[in-house]
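Structure first, then comments.
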Amino acid sequence: NGAKIKNMTNDAEKSAAGIDDIKGVIIVEIPENSLLYKCGGRVGDVILKCNGKDVKTIKALLAIEKASKKDLTLWVDGNPPAHNIVVKK
C-alpha cells in the first residue's frame with residue numbers, strides 16, 4: 001500500500017505547510033510499511049521537486065516518476081527543515 005497524496009490547492013494548506021506558494025503535492029496519509037515512509041516521507045510533507053524538476057501537481061510528479069530509470073530524489077518541505085528524500089527504485 002502506498003501513500004495518499006493530493007495537490008495543494010488553497011491558502012489554508014499553504015499556511016499549514018508553512019511555505020510561500022500554493023504548489024506541490026501533499027502527503028495526506030502514509031502507511032508505516034510503505035517505501036516512501038521507510039525512506040523518510042511523513043504526513044504533511046509537501047513534495048516540491050522530484051529529481052530536480054518542479055512538482056506542481058500529482059500529474060507532474062507521476063510523469064517524472066514514470067520517466068525515471070533511477071532512484072527518485074524528492075525535495076520536501078512542510079515538516080521543517082526542508083530536505084531531500086531518496087526513494088530507491
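Each chain of the C-alpha cells is named A, B, ... in the order shown, its residues numbered from 1; ligands are numbered from 1 in display order.
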As a ChimeraX atom specification, please: the residues near Val86 (chain A) (cut-off 9 Å, only C-alpha atoms, same-chain neighbours under 2 positions excluded).
/A:36,39-40,71-75,84,88
Name all residues at most 6 Å from region 17-33 of chain A (count only C-alpha atoms; drop same-chain ones fewer than 4 positions away) and give them as a PyMOL selection string.
chain A and resi 3-8+37+43-48+55-57+78
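The space between CA of Thr9 (chain A) and CA of Asn51 (chain A) spans 22.6 Å.
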Using DSSP assignments from the backbone, pull out every residue in chain A that falls under strand (DSSP E or B) and give it to me as number ranges by chain.
A: 4-7, 25-29, 46-50, 53-54, 72-77, 83-87
Now that the selection is made, can you save its residues with N, CA and C atoms as a PDB file, in the first residue's frame?
ATOM      1  N   LYS A   4      -1.189   8.247   0.325  1.00  0.00           N
ATOM      2  CA  LYS A   4      -2.229   9.062  -0.306  1.00  0.00           C
ATOM      3  C   LYS A   4      -1.678  10.468  -0.420  1.00  0.00           C
ATOM      4  N   ILE A   5      -1.793  11.033  -1.624  1.00  0.00           N
ATOM      5  CA  ILE A   5      -1.279  12.378  -1.875  1.00  0.00           C
ATOM      6  C   ILE A   5      -2.367  13.224  -2.522  1.00  0.00           C
ATOM      7  N   LYS A   6      -2.213  14.539  -2.441  1.00  0.00           N
ATOM      8  CA  LYS A   6      -3.166  15.443  -3.090  1.00  0.00           C
ATOM      9  C   LYS A   6      -2.439  16.710  -3.509  1.00  0.00           C
ATOM     10  N   ASN A   7      -2.966  17.341  -4.539  1.00  0.00           N
ATOM     11  CA  ASN A   7      -2.421  18.624  -4.964  1.00  0.00           C
ATOM     12  C   ASN A   7      -2.716  19.674  -3.901  1.00  0.00           C
ATOM     13  N   VAL A  25       2.716  18.776  -3.950  1.00  0.00           N
ATOM     14  CA  VAL A  25       1.862  17.630  -3.666  1.00  0.00           C
ATOM     15  C   VAL A  25       2.036  17.281  -2.190  1.00  0.00           C
ATOM     16  N   ILE A  26       0.916  17.232  -1.472  1.00  0.00           N
ATOM     17  CA  ILE A  26       0.927  16.995  -0.029  1.00  0.00           C
ATOM     18  C   ILE A  26       0.732  15.507   0.259  1.00  0.00           C
ATOM     19  N   ILE A  27       1.533  14.972   1.169  1.00  0.00           N
ATOM     20  CA  ILE A  27       1.310  13.618   1.662  1.00  0.00           C
ATOM     21  C   ILE A  27       0.248  13.711   2.754  1.00  0.00           C
ATOM     22  N   VAL A  28      -0.918  13.103   2.516  1.00  0.00           N
ATOM     23  CA  VAL A  28      -2.008  13.183   3.485  1.00  0.00           C
ATOM     24  C   VAL A  28      -2.171  11.911   4.326  1.00  0.00           C
ATOM     25  N   GLU A  29      -1.740  10.787   3.803  1.00  0.00           N
ATOM     26  CA  GLU A  29      -1.708   9.525   4.563  1.00  0.00           C
ATOM     27  C   GLU A  29      -0.504   8.732   4.082  1.00  0.00           C
ATOM     28  N   VAL A  46       5.336  18.263   1.887  1.00  0.00           N
ATOM     29  CA  VAL A  46       4.910  18.771   0.586  1.00  0.00           C
ATOM     30  C   VAL A  46       6.045  18.509  -0.392  1.00  0.00           C
ATOM     31  N   ILE A  47       5.767  17.696  -1.405  1.00  0.00           N
ATOM     32  CA  ILE A  47       6.778  17.387  -2.425  1.00  0.00           C
ATOM     33  C   ILE A  47       6.798  18.550  -3.410  1.00  0.00           C
ATOM     34  N   LEU A  48       7.949  19.231  -3.483  1.00  0.00           N
ATOM     35  CA  LEU A  48       8.093  20.408  -4.338  1.00  0.00           C
ATOM     36  C   LEU A  48       8.938  20.136  -5.573  1.00  0.00           C
ATOM     37  N   LYS A  49       9.840  19.164  -5.488  1.00  0.00           N
ATOM     38  CA  LYS A  49      10.690  18.804  -6.626  1.00  0.00           C
ATOM     39  C   LYS A  49      10.895  17.298  -6.628  1.00  0.00           C
ATOM     40  N   CYS A  50      11.094  16.765  -7.813  1.00  0.00           N
ATOM     41  CA  CYS A  50      11.441  15.359  -7.985  1.00  0.00           C
ATOM     42  C   CYS A  50      12.551  15.291  -9.022  1.00  0.00           C
ATOM     43  N   LYS A  53      13.284  18.537 -10.783  1.00  0.00           N
ATOM     44  CA  LYS A  53      12.233  19.195 -11.582  1.00  0.00           C
ATOM     45  C   LYS A  53      11.088  19.621 -10.674  1.00  0.00           C
ATOM     46  N   ASP A  54      10.519  20.806 -10.953  1.00  0.00           N
ATOM     47  CA  ASP A  54       9.404  21.311 -10.154  1.00  0.00           C
ATOM     48  C   ASP A  54       8.216  20.367 -10.212  1.00  0.00           C
ATOM     49  N   LEU A  72      14.470   8.065  -7.057  1.00  0.00           N
ATOM     50  CA  LEU A  72      13.844   9.380  -7.066  1.00  0.00           C
ATOM     51  C   LEU A  72      14.376  10.199  -5.890  1.00  0.00           C
ATOM     52  N   THR A  73      14.754  11.432  -6.166  1.00  0.00           N
ATOM     53  CA  THR A  73      15.137  12.351  -5.106  1.00  0.00           C
ATOM     54  C   THR A  73      14.042  13.398  -5.005  1.00  0.00           C
ATOM     55  N   LEU A  74      13.337  13.376  -3.878  1.00  0.00           N
ATOM     56  CA  LEU A  74      12.234  14.308  -3.639  1.00  0.00           C
ATOM     57  C   LEU A  74      12.709  15.434  -2.732  1.00  0.00           C
ATOM     58  N   TRP A  75      12.423  16.681  -3.107  1.00  0.00           N
ATOM     59  CA  TRP A  75      12.677  17.828  -2.242  1.00  0.00           C
ATOM     60  C   TRP A  75      11.356  18.139  -1.558  1.00  0.00           C
ATOM     61  N   VAL A  76      11.325  18.029  -0.233  1.00  0.00           N
ATOM     62  CA  VAL A  76      10.084  18.218   0.506  1.00  0.00           C
ATOM     63  C   VAL A  76      10.227  19.319   1.547  1.00  0.00           C
ATOM     64  N   ASP A  77       9.092  19.950   1.846  1.00  0.00           N
ATOM     65  CA  ASP A  77       9.006  20.942   2.909  1.00  0.00           C
ATOM     66  C   ASP A  77       7.699  20.671   3.641  1.00  0.00           C
ATOM     67  N   HIS A  83      14.067  19.257   3.123  1.00  0.00           N
ATOM     68  CA  HIS A  83      15.108  18.244   2.969  1.00  0.00           C
ATOM     69  C   HIS A  83      14.828  17.335   1.780  1.00  0.00           C
ATOM     70  N   ASN A  84      15.843  16.579   1.401  1.00  0.00           N
ATOM     71  CA  ASN A  84      15.695  15.582   0.344  1.00  0.00           C
ATOM     72  C   ASN A  84      15.310  14.236   0.950  1.00  0.00           C
ATOM     73  N   ILE A  85      14.497  13.511   0.193  1.00  0.00           N
ATOM     74  CA  ILE A  85      14.193  12.116   0.491  1.00  0.00           C
ATOM     75  C   ILE A  85      14.566  11.329  -0.750  1.00  0.00           C
ATOM     76  N   VAL A  86      15.389  10.313  -0.595  1.00  0.00           N
ATOM     77  CA  VAL A  86      15.756   9.470  -1.732  1.00  0.00           C
ATOM     78  C   VAL A  86      14.940   8.190  -1.653  1.00  0.00           C
ATOM     79  N   VAL A  87      14.154   7.949  -2.710  1.00  0.00           N
ATOM     80  CA  VAL A  87      13.315   6.753  -2.784  1.00  0.00           C
ATOM     81  C   VAL A  87      13.973   5.791  -3.749  1.00  0.00           C
TER      82      VAL A  87
END
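Residue nearest Ser34 (chain A) within the list A:Gly2, A:Asn79, A:Asp11, A:Ile64: A:Gly2 [criterion: smallest interatomic distance, only C-alpha atoms].
Distance annotation: of A:Pro81, A:Ala16, A:Gly41, A:Gly52, the residue with the minimal separation from Glu65 (chain A) is A:Gly52; atom set is only C-alpha atoms.
Of the residues in chain A, those that DSSP places in alpha helix (DSSP H) on the basis of the backbone are Asp11, Ala12, Glu13, Lys14, Ser15, Ala16, Ala17, Leu35, Leu36, Tyr37, Lys38, Ile58, Lys59, Ala60, Leu61, Leu62, Ala63, Ile64, Glu65, Lys66 and Ala67 of chain A.
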Store the residues picked out above in a file with C-alpha atoms, as a PDB file, in the first residue's frame.
ATOM      1  CA  ASP A  11      -4.214  29.161   1.289  1.00  0.00           C
ATOM      2  CA  ALA A  12      -5.130  27.036   4.314  1.00  0.00           C
ATOM      3  CA  GLU A  13      -2.968  24.161   3.047  1.00  0.00           C
ATOM      4  CA  LYS A  14      -0.170  26.588   2.184  1.00  0.00           C
ATOM      5  CA  SER A  15      -0.289  28.097   5.690  1.00  0.00           C
ATOM      6  CA  ALA A  16      -0.382  24.679   7.357  1.00  0.00           C
ATOM      7  CA  ALA A  17       2.709  23.639   5.406  1.00  0.00           C
ATOM      8  CA  LEU A  35       8.510   2.535   0.753  1.00  0.00           C
ATOM      9  CA  LEU A  36       8.071   6.317   0.992  1.00  0.00           C
ATOM     10  CA  TYR A  37       7.642   6.142   4.787  1.00  0.00           C
ATOM     11  CA  LYS A  38      10.693   3.901   5.149  1.00  0.00           C
ATOM     12  CA  ILE A  58       0.305  14.872  -8.938  1.00  0.00           C
ATOM     13  CA  LYS A  59       0.250  14.538 -12.724  1.00  0.00           C
ATOM     14  CA  ALA A  60       3.697  16.187 -12.962  1.00  0.00           C
ATOM     15  CA  LEU A  61       5.078  14.001 -10.157  1.00  0.00           C
ATOM     16  CA  LEU A  62       3.832  10.806 -11.798  1.00  0.00           C
ATOM     17  CA  ALA A  63       5.244  11.835 -15.195  1.00  0.00           C
ATOM     18  CA  ILE A  64       8.699  12.406 -13.673  1.00  0.00           C
ATOM     19  CA  GLU A  65       8.496   9.114 -11.754  1.00  0.00           C
ATOM     20  CA  LYS A  66       7.433   7.164 -14.841  1.00  0.00           C
ATOM     21  CA  ALA A  67      10.251   8.636 -16.961  1.00  0.00           C
TER      22      ALA A  67
END
